[in-house]
file input_21.txt (compact mmCIF, C-alpha atoms)
# COMPACT_ATOMS: atom_id res chain seq x y z
CA MET A 1 37.62 134.72 106.76
CA LYS A 2 35.15 131.94 106.18
CA THR A 3 34.73 129.48 109.01
CA ILE A 4 32.97 126.19 109.38
CA ARG A 5 32.09 124.07 112.36
CA PHE A 6 32.07 120.33 112.72
CA SER A 7 31.53 118.08 115.69
CA ILE A 8 33.70 115.26 116.92
CA ALA A 9 32.27 112.58 119.18
CA GLY A 10 33.49 112.61 122.76
CA ASP A 11 34.40 108.95 122.73
CA ASN A 12 37.37 109.47 120.45
CA SER A 13 40.86 109.23 121.89
CA LEU A 14 43.14 112.25 121.69
CA ALA A 15 45.12 110.56 118.91
CA ASP A 16 41.91 109.98 116.97
CA ILE A 17 40.84 113.59 117.43
CA ASN A 18 44.28 114.75 116.27
CA GLU A 19 43.95 112.59 113.16
CA ILE A 20 40.44 113.84 112.43
CA LEU A 21 41.48 117.48 112.79
CA SER A 22 44.59 116.94 110.67
CA ASP A 23 42.52 115.34 107.96
CA GLN A 24 40.31 118.40 107.83
CA GLU A 25 43.37 120.64 107.75
CA ALA A 26 44.66 118.64 104.78
CA ARG A 27 41.53 119.90 103.04
CA ASN A 28 42.96 123.40 103.15
CA SER A 29 41.46 124.39 106.49
CA GLU A 30 42.92 125.57 109.77
CA PHE A 31 41.77 124.36 113.16
CA LEU A 32 40.93 127.34 115.34
CA ASP A 33 39.31 126.11 118.53
CA SER A 34 36.98 123.63 120.15
CA LYS A 35 34.09 123.96 122.54
CA ILE A 36 32.03 121.39 124.31
CA ALA A 37 28.50 121.20 122.98
CA TYR A 38 25.47 118.98 123.02
CA GLN A 39 24.39 117.34 119.79
CA ASP A 40 21.91 114.55 119.19
CA GLN A 41 21.83 113.73 122.90
CA LYS A 42 25.59 113.39 123.04
CA VAL A 43 28.31 115.60 124.41
CA VAL A 44 30.61 116.46 121.54
CA ASN A 45 33.53 118.68 120.66
CA LEU A 46 32.37 121.51 118.46
CA VAL A 47 35.43 122.42 116.39
CA THR A 48 35.85 125.51 114.27
CA PHE A 49 38.00 125.77 111.16
CA ASN A 50 39.06 128.63 109.00
CA LEU A 51 38.60 127.72 105.34
CA TYR A 52 41.41 128.92 103.11
CA ASP A 53 40.49 130.30 99.73
CA ASP A 54 43.55 128.65 98.22
CA ALA A 55 45.51 125.42 98.52
CA THR A 56 47.23 126.28 101.81
CA VAL A 57 47.76 123.45 104.26
CA PRO A 58 48.83 124.56 107.74
CA ASN A 59 51.85 123.08 109.48
CA GLU A 60 51.35 119.88 111.42
CA LEU A 61 48.82 120.03 114.24
CA ILE A 62 49.85 118.42 117.52
CA LEU A 63 47.37 117.90 120.36
CA LYS A 64 48.64 117.14 123.83
CA LYS A 65 47.03 116.81 127.20
CA LYS A 66 47.98 119.73 129.40
CA SER A 67 49.70 117.30 131.74
CA GLN A 68 51.96 116.09 128.93
CA LYS A 69 55.29 117.56 127.94
CA PRO A 70 54.95 120.12 125.13
CA PRO A 71 56.39 119.05 121.78
CA GLN A 72 59.63 120.55 120.57
CA ASN A 73 59.74 122.96 117.66
CA ALA A 74 56.08 123.72 117.95
CA THR A 75 54.10 126.74 119.06
CA LYS A 76 51.05 126.60 121.29
CA PHE A 77 48.07 128.32 119.74
CA TRP A 78 45.05 127.04 121.65
CA GLU A 79 44.19 125.53 125.00
CA GLY A 80 40.82 124.35 126.23
CA VAL A 81 38.73 121.51 127.50
CA MET A 82 37.72 118.72 125.16
CA VAL A 83 35.78 115.55 125.71
CA VAL A 84 38.33 112.82 125.10
CA SER A 85 37.51 109.15 125.56
CA LYS A 86 34.29 110.28 127.26
CA GLU A 87 36.11 112.39 129.83
CA THR A 88 36.85 116.08 130.05
CA VAL A 89 40.49 116.75 129.42
CA VAL A 90 42.45 119.97 129.22
CA VAL A 91 44.02 119.87 125.78
CA VAL A 92 46.72 122.07 124.31
CA ALA A 93 47.05 122.51 120.54
CA TYR A 94 50.46 123.18 119.05
CA ARG A 95 51.50 124.03 115.54
CA ALA A 96 54.80 122.71 114.21
CA ASN A 97 57.20 125.53 113.43
CA MET B 98 16.44 106.82 175.39
CA SER B 99 15.30 103.20 175.20
CA LYS B 100 13.86 104.01 171.81
CA SER B 101 17.26 105.22 170.62
CA ILE B 102 18.94 102.04 171.78
CA HIS B 103 16.30 99.95 170.12
CA LEU B 104 16.71 101.81 166.86
CA LEU B 105 20.41 101.12 166.81
CA HIS B 106 19.77 97.41 166.65
CA HIS B 107 17.49 96.89 163.75
CA PRO B 108 17.58 97.99 160.99
CA TYR B 109 19.72 100.96 161.89
CA ARG B 110 22.68 98.98 163.11
CA ARG B 111 24.06 98.39 159.66
CA PHE B 112 23.39 101.98 158.83
CA ALA B 113 25.22 103.14 161.92
CA VAL B 114 28.26 101.03 161.04
CA LEU B 115 28.13 102.40 157.53
CA GLY B 116 27.87 105.97 158.74
CA LEU B 117 30.76 105.47 161.12
CA SER B 118 32.93 103.98 158.40
CA LEU B 119 32.05 106.85 156.11
CA VAL B 120 33.03 109.37 158.78
CA LEU B 121 36.28 107.51 159.44
CA PHE B 122 36.96 107.44 155.74
CA LEU B 123 36.32 111.14 155.43
CA HIS B 124 38.54 111.79 158.40
CA GLY B 125 41.29 109.80 156.70
CA PHE B 126 40.81 111.86 153.61
CA GLY B 127 42.26 114.85 155.39
CA CYS B 128 45.59 113.07 155.69
CA THR B 129 45.68 111.86 152.14
CA ASN B 130 48.13 113.45 149.78
CA LEU B 131 46.71 115.14 146.76
CA ARG B 132 47.41 113.14 143.68
CA TYR B 133 46.75 114.70 140.37
CA ALA B 134 48.98 117.74 140.43
CA GLY B 135 47.00 119.45 143.13
CA ALA B 136 43.58 117.99 142.40
CA PRO B 137 42.06 116.06 145.26
CA PRO B 138 42.25 112.29 145.12
CA PRO B 139 39.13 110.42 144.11
CA SER B 140 38.09 111.07 147.71
CA TYR B 141 34.92 109.47 149.03
CA ASN B 142 35.47 106.26 147.11
CA VAL B 143 32.33 105.14 148.77
CA ASN B 144 30.70 103.09 146.07
CA LYS B 145 30.21 100.30 148.52
CA ASP B 146 29.00 102.68 151.16
CA LEU B 147 26.65 104.34 148.74
CA LYS B 148 25.20 100.95 147.91
CA GLN B 149 24.56 100.36 151.55
CA LEU B 150 23.14 103.83 151.93
CA ALA B 151 20.90 103.08 148.99
CA GLU B 152 19.76 99.92 150.70
CA GLN B 153 19.09 101.87 153.83
CA PHE B 154 17.03 104.47 152.14
CA LYS B 155 15.57 102.07 149.60
CA PRO B 156 14.12 104.86 147.52
CA ALA B 157 12.30 102.54 145.16
CA THR B 158 10.79 100.60 148.01
CA ALA B 159 9.93 103.80 149.74
CA VAL B 160 7.96 104.89 146.72
CA SER B 161 5.97 101.68 146.72
CA ASN B 162 5.53 101.88 150.46
CA TYR B 163 4.24 105.39 150.10
CA TYR B 164 1.45 104.18 147.87
CA LEU B 165 0.59 101.47 150.37
CA LEU B 166 -0.08 104.06 153.03
CA PRO B 167 -3.81 104.50 153.58
CA ASN B 168 -3.48 108.15 154.51
CA PRO B 169 -0.09 109.49 153.42
CA THR B 170 1.02 112.71 155.04
CA PRO B 171 3.38 115.45 153.87
CA LYS B 172 5.95 113.93 156.22
CA ASP B 173 5.73 110.59 154.40
CA ARG B 174 6.38 112.45 151.16
CA ASP B 175 9.30 114.32 152.67
CA VAL B 176 10.92 111.14 153.97
CA VAL B 177 11.12 109.73 150.47
CA ILE B 178 12.26 112.80 148.60
CA SER B 179 14.76 113.92 151.22
CA ALA B 180 16.31 110.44 151.23
CA ARG B 181 16.63 110.57 147.47
CA MET B 182 18.19 113.98 147.63
CA VAL B 183 20.80 112.70 150.06
CA MET B 184 21.70 109.98 147.59
CA ILE B 185 21.83 112.40 144.69
CA ASN B 186 23.95 114.85 146.62
CA LEU B 187 26.39 112.19 147.75
CA GLU B 188 26.83 111.00 144.19
CA TYR B 189 27.11 114.55 142.92
CA LEU B 190 29.82 115.45 145.37
CA LYS B 191 31.63 112.23 144.63
CA TRP B 192 31.52 112.97 140.93
CA LEU B 193 32.46 116.60 141.43
CA ARG B 194 35.61 115.61 143.24
CA LYS B 195 36.66 113.65 140.20
CA VAL B 196 36.27 116.47 137.76
CA THR B 197 37.37 119.53 139.64
CA ALA B 198 39.52 120.73 142.46
CA GLU B 199 37.79 124.07 142.67
CA LYS B 200 37.22 124.58 146.35
CA GLN B 201 34.32 126.94 145.86
CA PHE B 202 32.36 124.37 143.89
CA LEU B 203 33.16 121.58 146.30
CA ASP B 204 32.14 123.80 149.19
CA THR B 205 28.84 124.62 147.55
CA ALA B 206 28.08 120.98 146.83
CA THR B 207 29.21 119.96 150.30
CA ASP B 208 26.98 122.56 151.92
CA VAL B 209 24.00 121.31 149.94
CA LEU B 210 24.80 117.73 150.94
CA ILE B 211 25.00 118.69 154.60
CA MET B 212 21.73 120.53 154.34
CA SER B 213 20.06 117.55 152.70
CA LEU B 214 21.45 115.21 155.34
CA ASN B 215 19.98 117.41 158.03
CA LEU B 216 16.75 117.55 156.10
CA ALA B 217 16.67 113.76 155.87
CA ALA B 218 17.45 113.45 159.55
CA THR B 219 14.55 115.70 160.39
CA ALA B 220 12.18 113.98 158.02
CA ALA B 221 13.19 110.46 158.97
CA GLY B 222 12.83 111.03 162.67
CA GLY B 223 14.15 108.53 165.18
CA GLU B 224 17.14 109.33 167.30
CA GLY B 225 19.34 106.59 165.83
CA THR B 226 18.95 107.86 162.33
CA LYS B 227 19.55 111.41 163.43
CA VAL B 228 22.74 110.46 165.22
CA VAL B 229 24.12 108.64 162.21
CA LEU B 230 23.11 111.29 159.72
CA SER B 231 24.57 114.00 161.91
CA ALA B 232 27.78 112.01 162.16
CA ILE B 233 28.03 111.76 158.40
CA SER B 234 27.26 115.43 158.16
CA ALA B 235 30.10 116.21 160.56
CA GLY B 236 32.41 113.98 158.56
CA VAL B 237 31.59 115.80 155.39
CA VAL B 238 32.22 119.13 157.07
CA GLY B 239 35.56 117.83 158.30
CA SER B 240 36.58 116.72 154.84
CA LYS B 241 36.15 120.23 153.49
CA THR B 242 39.14 121.50 155.38
CA SER B 243 41.47 119.14 153.54
CA ILE B 244 40.73 120.73 150.21
CA ASP B 245 42.77 123.85 150.41
CA LYS B 246 44.75 123.61 147.26
CA HIS B 247 43.56 125.24 144.13
CA TYR B 248 44.45 123.68 140.86
CA PHE B 249 44.26 125.42 137.57
CA TYR B 250 41.58 123.99 135.42
CA GLU B 251 40.33 125.26 132.10
CA LYS B 252 37.38 127.60 132.09
CA THR B 253 34.93 125.21 130.54
CA VAL B 254 34.70 122.71 133.35
CA PRO B 255 34.22 125.32 136.07
CA ALA B 256 31.61 126.93 133.83
CA LEU B 257 29.77 123.64 133.51
CA ILE B 258 29.94 123.03 137.22
CA ALA B 259 28.79 126.56 137.94
CA ALA B 260 25.85 125.89 135.65
CA MET B 261 25.13 122.62 137.45
CA ASN B 262 25.22 124.25 140.86
CA ALA B 263 23.02 127.08 139.66
CA GLN B 264 20.50 124.72 138.08
CA ARG B 265 20.49 122.48 141.12
CA LYS B 266 19.82 125.49 143.31
CA VAL B 267 16.85 126.51 141.20
CA VAL B 268 15.25 123.07 141.51
CA LEU B 269 16.27 122.73 145.15
CA GLU B 270 14.46 125.93 146.04
CA ARG B 271 11.35 124.63 144.35
CA ILE B 272 11.54 121.40 146.33
CA LEU B 273 12.12 123.19 149.62
CA ILE B 274 9.17 125.48 149.01
CA GLY B 275 7.06 122.49 148.02
CA MET B 276 7.99 120.59 151.17
CA LYS B 277 6.50 123.35 153.24
CA GLY B 278 3.11 122.68 151.68
CA GLY B 279 0.54 119.97 152.06
CA LEU B 280 0.02 117.11 149.63
CA GLU B 281 -2.67 119.04 147.81
CA ASP B 282 -0.20 121.85 147.13
CA TYR B 283 2.82 119.68 146.45
CA SER B 284 1.91 116.15 145.51
CA PHE B 285 4.17 113.16 145.98
CA GLU B 286 4.38 112.72 142.21
CA GLN B 287 5.38 116.34 141.67
CA ALA B 288 8.00 116.00 144.38
CA LEU B 289 9.42 112.88 142.72
CA SER B 290 9.47 114.66 139.38
CA ASP B 291 11.32 117.58 140.94
CA VAL B 292 13.83 115.27 142.57
CA TYR B 293 14.49 113.68 139.18
CA GLU B 294 14.95 117.12 137.69
CA TYR B 295 17.29 117.92 140.57
CA TYR B 296 19.36 114.93 139.58
CA GLN B 297 19.34 115.96 135.91
CA ALA B 298 20.49 119.46 136.84
CA GLY B 299 23.59 117.91 138.35
CA THR B 300 24.63 116.08 135.24
CA PHE B 301 27.16 117.08 132.66
CA MET B 302 24.60 116.98 129.88
CA GLY B 303 22.14 118.92 131.95
CA ALA B 304 24.72 121.65 132.42
CA VAL B 305 25.57 121.75 128.74
CA MET B 306 21.89 122.04 127.90
CA ALA B 307 21.43 124.74 130.51
CA ILE B 308 24.35 126.71 129.17
CA GLN B 309 23.12 126.29 125.64
CA SER B 310 19.62 127.39 126.48
CA ASP B 311 20.63 130.21 128.80
CA SER B 312 23.69 131.59 127.20
CA GLY B 313 23.28 134.52 124.88
CA ALA B 314 26.13 133.18 122.82
CA LYS B 315 24.62 129.93 121.72
CA GLU B 316 27.22 127.67 120.24
CA LYS B 317 24.86 125.92 117.96
CA LYS B 318 21.86 127.44 116.30
CA ALA B 319 18.81 125.24 116.27
CA ASP B 320 18.70 125.16 112.50
CA GLU B 321 22.42 124.71 112.02
CA LYS B 322 23.32 121.31 110.74
CA ILE B 323 26.67 120.29 112.14
CA LEU B 324 28.40 117.39 110.47
CA MET B 325 30.15 114.95 112.75
CA LEU B 326 33.67 114.15 111.65
CA THR B 327 35.06 110.67 112.02
CA ARG B 328 38.46 109.12 111.45
CA PRO B 329 39.26 109.22 107.72
CA THR B 330 39.51 105.98 105.82
CA PRO B 331 42.82 105.18 104.09
CA ASP B 332 41.13 105.71 100.69
CA GLU B 333 39.86 109.11 101.75
CA LYS B 334 43.26 110.18 103.08
CA GLU B 335 44.90 109.05 99.87
CA ALA B 336 42.38 110.96 97.76
CA VAL B 337 42.99 114.13 99.79
CA ARG B 338 46.73 113.68 99.27
CA ILE B 339 46.34 113.19 95.51
CA LEU B 340 44.06 116.20 95.19
CA GLN B 341 46.40 118.63 96.98
CA PRO B 342 48.73 119.30 93.99
CA VAL B 343 45.63 119.71 91.82
CA TRP B 344 44.39 122.56 94.04
CA VAL B 345 47.86 124.09 94.10
CA GLU B 346 48.01 124.10 90.32
CA LEU B 347 44.46 125.37 89.84
CA TYR B 348 44.76 128.18 92.40
CA LYS B 349 48.15 129.19 91.03
CA ASP B 350 46.64 129.57 87.59
CA ALA B 351 43.46 131.21 88.89
CA LYS B 352 45.31 133.84 90.97
CA ALA B 353 47.54 134.62 87.99
CA GLY B 354 44.46 134.97 85.81
CA LYS B 355 45.66 132.07 83.73
CA LEU B 356 42.87 129.59 84.31
CA THR B 357 42.01 128.43 80.81
CA GLN B 358 38.51 127.93 79.47
CA GLU B 359 39.39 124.25 79.06
CA GLN B 360 40.20 124.00 82.77
CA VAL B 361 36.96 125.78 83.67
CA ASN B 362 35.00 123.42 81.45
CA ILE B 363 36.59 120.41 83.13
CA LEU B 364 35.72 121.83 86.53
CA ARG B 365 32.15 122.42 85.42
CA LYS B 366 31.91 118.88 84.13
CA ALA B 367 33.29 117.60 87.44
CA LEU B 368 30.60 119.53 89.31
CA GLN B 369 28.03 118.10 86.92
CA ASN B 370 29.34 114.60 87.64
CA LEU B 371 28.92 115.29 91.33
CA LYS B 372 25.30 116.36 90.74
CA VAL B 373 25.63 119.71 92.53
CA ASP B 374 24.60 123.18 91.49
CA ILE B 375 27.09 124.92 89.21
CA PRO B 376 27.84 128.64 89.53
CA SER B 377 27.40 130.70 86.41
CA ALA B 378 30.53 132.79 86.85
CA ASP B 379 33.70 131.03 85.72
CA LYS B 380 35.75 132.42 88.59
CA GLU B 381 33.39 130.76 91.09
CA VAL B 382 33.66 127.28 89.65
CA LEU B 383 36.98 126.42 91.29
CA TYR B 384 35.81 127.73 94.69
CA ARG B 385 32.65 125.68 94.37
CA LEU B 386 34.48 122.43 93.67
CA HIS B 387 37.09 123.10 96.35
CA GLY B 388 34.34 124.04 98.79
CA LEU B 389 32.75 120.63 98.36
CA LEU B 390 35.91 119.11 99.78
CA GLN B 391 36.45 121.67 102.54
CA GLN B 392 32.87 121.61 103.72
CA ARG B 393 32.53 117.85 103.31
CA GLU B 394 29.62 118.07 100.94
CA LYS B 395 31.31 115.37 98.91
CA THR B 396 34.07 112.95 99.83
CA ALA B 397 37.58 113.37 98.48
CA VAL B 398 37.20 110.03 96.72
CA GLU B 399 34.08 111.28 94.92
CA ILE B 400 35.71 114.58 93.93
CA LEU B 401 38.82 112.84 92.66
CA LYS B 402 36.74 110.47 90.56
CA ALA B 403 34.59 113.31 89.22
CA LEU B 404 37.66 115.24 88.17
CA ARG B 405 39.23 112.24 86.49
CA ASP B 406 35.98 111.39 84.73
CA ALA B 407 35.76 115.00 83.55
CA GLY B 408 39.14 114.59 81.87
CA TYR B 409 41.50 116.21 84.37
CA SER B 410 44.88 114.58 84.12
CA ILE B 411 45.77 113.38 87.59
CA PRO B 412 48.66 110.97 88.11

call {"tool": "encode", "arguments": {"input": "input_21.txt", "output": "structure tokens"}}
result
Amino acid sequence: MKTIRFSIAGDNSLADINEILSDQEARNSEFLDSKIAYQDQKVVNLVTFNLYDDATVPNELILKKKSQKPPQNATKFWEGVMVVSKETVVVVAYRAN
Amino acid sequence: MSKSIHLLHHPYRRFAVLGLSLVLFLHGFGCTNLRYAGAPPPSYNVNKDLKQLAEQFKPATAVSNYYLLPNPTPKDRDVVISARMVMINLEYLKWLRKVTAEKQFLDTATDVLIMSLNLAATAAGGEGTKVVLSAISAGVVGSKTSIDKHYFYEKTVPALIAAMNAQRKVVLERILIGMKGGLEDYSFEQALSDVYEYYQAGTFMGAVMAIQSDSGAKEKKADEKILMLTRPTPDEKEAVRILQPVWVELYKDAKAGKLTQEQVNILRKALQNLKVDIPSADKEVLYRLHGLLQQREKTAVEILKALRDAGYSIP
């Protein structure tokens, strides 16, 4: 499995982060996890993707704050802290079934 | 006794009122319901009080005053740095209460704050100041008992806070050891520098840096170039969408061993158009072009154009 890491600025909203991750997934990648890191004097989300060696696009990615109601017909596959709108937020990632 | 009374008039009167209000506030905190699903409410909420505390301690002025002293003593040094540490600790605890409900971390920070208040009381001297500082200290102690509920929080934040507390402790120990020495052993400037470092150790970024530098599992290698992703433009999203059936078709043919030489030549030409290195093996050409998109070496718009210019029929 080949993986790649990107960073996402911590001033993005959760919706923006979801869109950014989904865009990368549309490039035949699969979001795996995110960790808080420090890059260029900024706190960022360091996100890891699995790169498919074919044209696979994973099912829809749905990010929710832990305090929010989980989406229906979706399976949780990751939970962790992200920097969202400059604040630390517990985020849960779901994959549409 | 008369000295104590005198001190409570000027300039300590305002400070006494402030301290009393802070204690009353902290007392009230114990009766406050927890808001965020078990996390403590924003607590202190003492921005105004902190401002007044800042005025009282006047750290900047104290620095300038220090240099006006003809023969500064270690005690003069300690007055300034201990006052600053009180301010830093108050702010740290205030911030900590916003980001975590972990009692152990709050307790640690509270204990350090109490210690620094006592330290400031000792350094500042004067009965009035001592009374007020002790009152605040008691208030802080009282507030601890109200934080009994634990709230689940993800591992990362506690890890960061643990790193902050650990880093703060390291610098704090250095300051405490320094304060035992004379000015020749621990200069005022060095003390100020350490206090600044103490502040830095209690910041989110400071913790991240500490974790990154200390942790065996570094998340980012020094030489690793990490690209920052941003929201895709409509053109880019559209190009990704148009390219998807192209990849499906190409991989379908490639996995069936049916990728024609004509297709390979088009892919090579596309890579040439994109001005990137071209693999010699035919079977690697598709992976190379696809990799440019996946790894963001080229934009989807550029890849789409290169393919079209190379003669690939894309609707």

call {"tool": "residues_around", "arguments": {"input": "input_21.txt", "residues": "Lys86 in chain A", "least_positions_apart": "5", "cutoff": "10 Å", "atoms": "only C-alpha atoms", "output": "tab-separated table (two decimals) with C-alpha atoms, in the coordinates of the input"}}
result
chain	number	residue	atom	x	y	z
A	9	ALA	CA	32.27	112.58	119.18
A	10	GLY	CA	33.49	112.61	122.76
A	11	ASP	CA	34.40	108.95	122.73
A	12	ASN	CA	37.37	109.47	120.45
A	13	SER	CA	40.86	109.23	121.89
A	43	VAL	CA	28.31	115.60	124.41
A	44	VAL	CA	30.61	116.46	121.54

call {"tool": "interface_residues", "arguments": {"input": "input_21.txt", "of": "chain B", "to": "chain A", "cutoff": "6 Å", "atoms": "all atoms listed in the file", "output": "list in words"}}
result
Glu251, Ile323, Leu324, Met325, Leu326, Arg328, Trp344, Val345, Tyr348 and Gln391 of chain B

call {"tool": "residues_around", "arguments": {"input": "input_21.txt", "residues": "Val292 in chain B", "least_positions_apart": "2", "cutoff": "12 Å", "atoms": "only C-alpha atoms", "output": "mmCIF file with C-alpha atoms, in the frame of the given file"}}
result
data_model
loop_
_atom_site.group_PDB
_atom_site.id
_atom_site.type_symbol
_atom_site.label_atom_id
_atom_site.label_comp_id
_atom_site.auth_asym_id
_atom_site.auth_seq_id
_atom_site.Cartn_x
_atom_site.Cartn_y
_atom_site.Cartn_z
ATOM 1 C CA PRO B 156 14.120 104.860 147.520
ATOM 2 C CA ARG B 174 6.380 112.450 151.160
ATOM 3 C CA ASP B 175 9.300 114.320 152.670
ATOM 4 C CA VAL B 177 11.120 109.730 150.470
ATOM 5 C CA ILE B 178 12.260 112.800 148.600
ATOM 6 C CA SER B 179 14.760 113.920 151.220
ATOM 7 C CA ALA B 180 16.310 110.440 151.230
ATOM 8 C CA ARG B 181 16.630 110.570 147.470
ATOM 9 C CA MET B 182 18.190 113.980 147.630
ATOM 10 C CA VAL B 183 20.800 112.700 150.060
ATOM 11 C CA MET B 184 21.700 109.980 147.590
ATOM 12 C CA ILE B 185 21.830 112.400 144.690
ATOM 13 C CA ASN B 186 23.950 114.850 146.620
ATOM 14 C CA ARG B 265 20.490 122.480 141.120
ATOM 15 C CA LYS B 266 19.820 125.490 143.310
ATOM 16 C CA VAL B 267 16.850 126.510 141.200
ATOM 17 C CA VAL B 268 15.250 123.070 141.510
ATOM 18 C CA LEU B 269 16.270 122.730 145.150
ATOM 19 C CA GLU B 270 14.460 125.930 146.040
ATOM 20 C CA ARG B 271 11.350 124.630 144.350
ATOM 21 C CA ILE B 272 11.540 121.400 146.330
ATOM 22 C CA LEU B 273 12.120 123.190 149.620
ATOM 23 C CA GLY B 275 7.060 122.490 148.020
ATOM 24 C CA MET B 276 7.990 120.590 151.170
ATOM 25 C CA PHE B 285 4.170 113.160 145.980
ATOM 26 C CA GLU B 286 4.380 112.720 142.210
ATOM 27 C CA GLN B 287 5.380 116.340 141.670
ATOM 28 C CA ALA B 288 8.000 116.000 144.380
ATOM 29 C CA LEU B 289 9.420 112.880 142.720
ATOM 30 C CA SER B 290 9.470 114.660 139.380
ATOM 31 C CA GLU B 294 14.950 117.120 137.690
ATOM 32 C CA TYR B 295 17.290 117.920 140.570
ATOM 33 C CA TYR B 296 19.360 114.930 139.580
ATOM 34 C CA GLN B 297 19.340 115.960 135.910
ATOM 35 C CA ALA B 298 20.490 119.460 136.840
ATOM 36 C CA GLY B 299 23.590 117.910 138.350
#

call {"tool": "closest_residue", "arguments": {"input": "input_21.txt", "among": "A:Leu32, A:Ala15, A:Ala93, A:Leu63", "to": "Thr48 in chain A", "atoms": "all atoms listed in the file"}}
result
A:Leu32

call {"tool": "residues_around", "arguments": {"input": "input_21.txt", "residues": "Thr75 in chain A", "least_positions_apart": "3", "cutoff": "9 Å", "atoms": "all atoms listed in the file", "output": "PDB file with C-alpha atoms, keeping the file's coordinate frame"}}
result
ATOM      1  CA  PRO A  71      56.390 119.050 121.780  1.00  0.00           C
ATOM      2  CA  GLN A  72      59.630 120.550 120.570  1.00  0.00           C
ATOM      3  CA  ALA A  93      47.050 122.510 120.540  1.00  0.00           C
ATOM      4  CA  TYR A  94      50.460 123.180 119.050  1.00  0.00           C
ATOM      5  CA  ARG A  95      51.500 124.030 115.540  1.00  0.00           C
ATOM      6  CA  ALA A  96      54.800 122.710 114.210  1.00  0.00           C
ATOM      7  CA  ASN A  97      57.200 125.530 113.430  1.00  0.00           C
TER       8      ASN A  97
END

call {"tool": "atom_distance", "arguments": {"input": "input_21.txt", "atom1": "CA of Val160 in chain B", "atom2": "CA of Trp192 in chain B"}}
result
25.6 Å

call {"tool": "atom_distance", "arguments": {"input": "input_21.txt", "atom1": "CA of Ser161 in chain B", "atom2": "CA of Asp173 in chain B"}}
result
11.8 Å

call {"tool": "decode", "arguments": {"input": "input_21.txt", "residues": "range 161-187 of chain B", "atoms": "C-alpha atoms", "output": "mmCIF file, in the first residue's frame"}}
result
data_model
loop_
_atom_site.group_PDB
_atom_site.id
_atom_site.type_symbol
_atom_site.label_atom_id
_atom_site.label_comp_id
_atom_site.auth_asym_id
_atom_site.auth_seq_id
_atom_site.Cartn_x
_atom_site.Cartn_y
_atom_site.Cartn_z
ATOM 1 C CA SER B 161 11.997 49.286 33.431
ATOM 2 C CA ASN B 162 11.909 49.970 37.142
ATOM 3 C CA TYR B 163 14.375 47.183 37.687
ATOM 4 C CA TYR B 164 16.874 48.888 35.447
ATOM 5 C CA LEU B 165 16.365 52.146 37.307
ATOM 6 C CA LEU B 166 17.480 50.539 40.535
ATOM 7 C CA PRO B 167 21.007 51.620 41.429
ATOM 8 C CA ASN B 168 21.818 48.347 43.158
ATOM 9 C CA PRO B 169 19.292 45.672 42.163
ATOM 10 C CA THR B 170 19.135 42.634 44.394
ATOM 11 C CA PRO B 171 18.064 39.056 43.726
ATOM 12 C CA LYS B 172 14.808 39.938 45.471
ATOM 13 C CA ASP B 173 14.130 42.716 42.952
ATOM 14 C CA ARG B 174 14.661 40.166 40.193
ATOM 15 C CA ASP B 175 12.367 37.672 41.878
ATOM 16 C CA VAL B 176 9.573 40.219 42.288
ATOM 17 C CA VAL B 177 9.427 40.765 38.557
ATOM 18 C CA ILE B 178 9.708 37.199 37.369
ATOM 19 C CA SER B 179 7.383 35.753 39.993
ATOM 20 C CA ALA B 180 4.748 38.354 39.092
ATOM 21 C CA ARG B 181 5.060 37.409 35.450
ATOM 22 C CA MET B 182 4.761 33.757 36.280
ATOM 23 C CA VAL B 183 1.539 34.418 38.154
ATOM 24 C CA MET B 184 0.138 36.102 35.064
ATOM 25 C CA ILE B 185 1.281 33.302 32.793
ATOM 26 C CA ASN B 186 -0.127 30.659 35.084
ATOM 27 C CA LEU B 187 -3.478 32.395 35.394
#
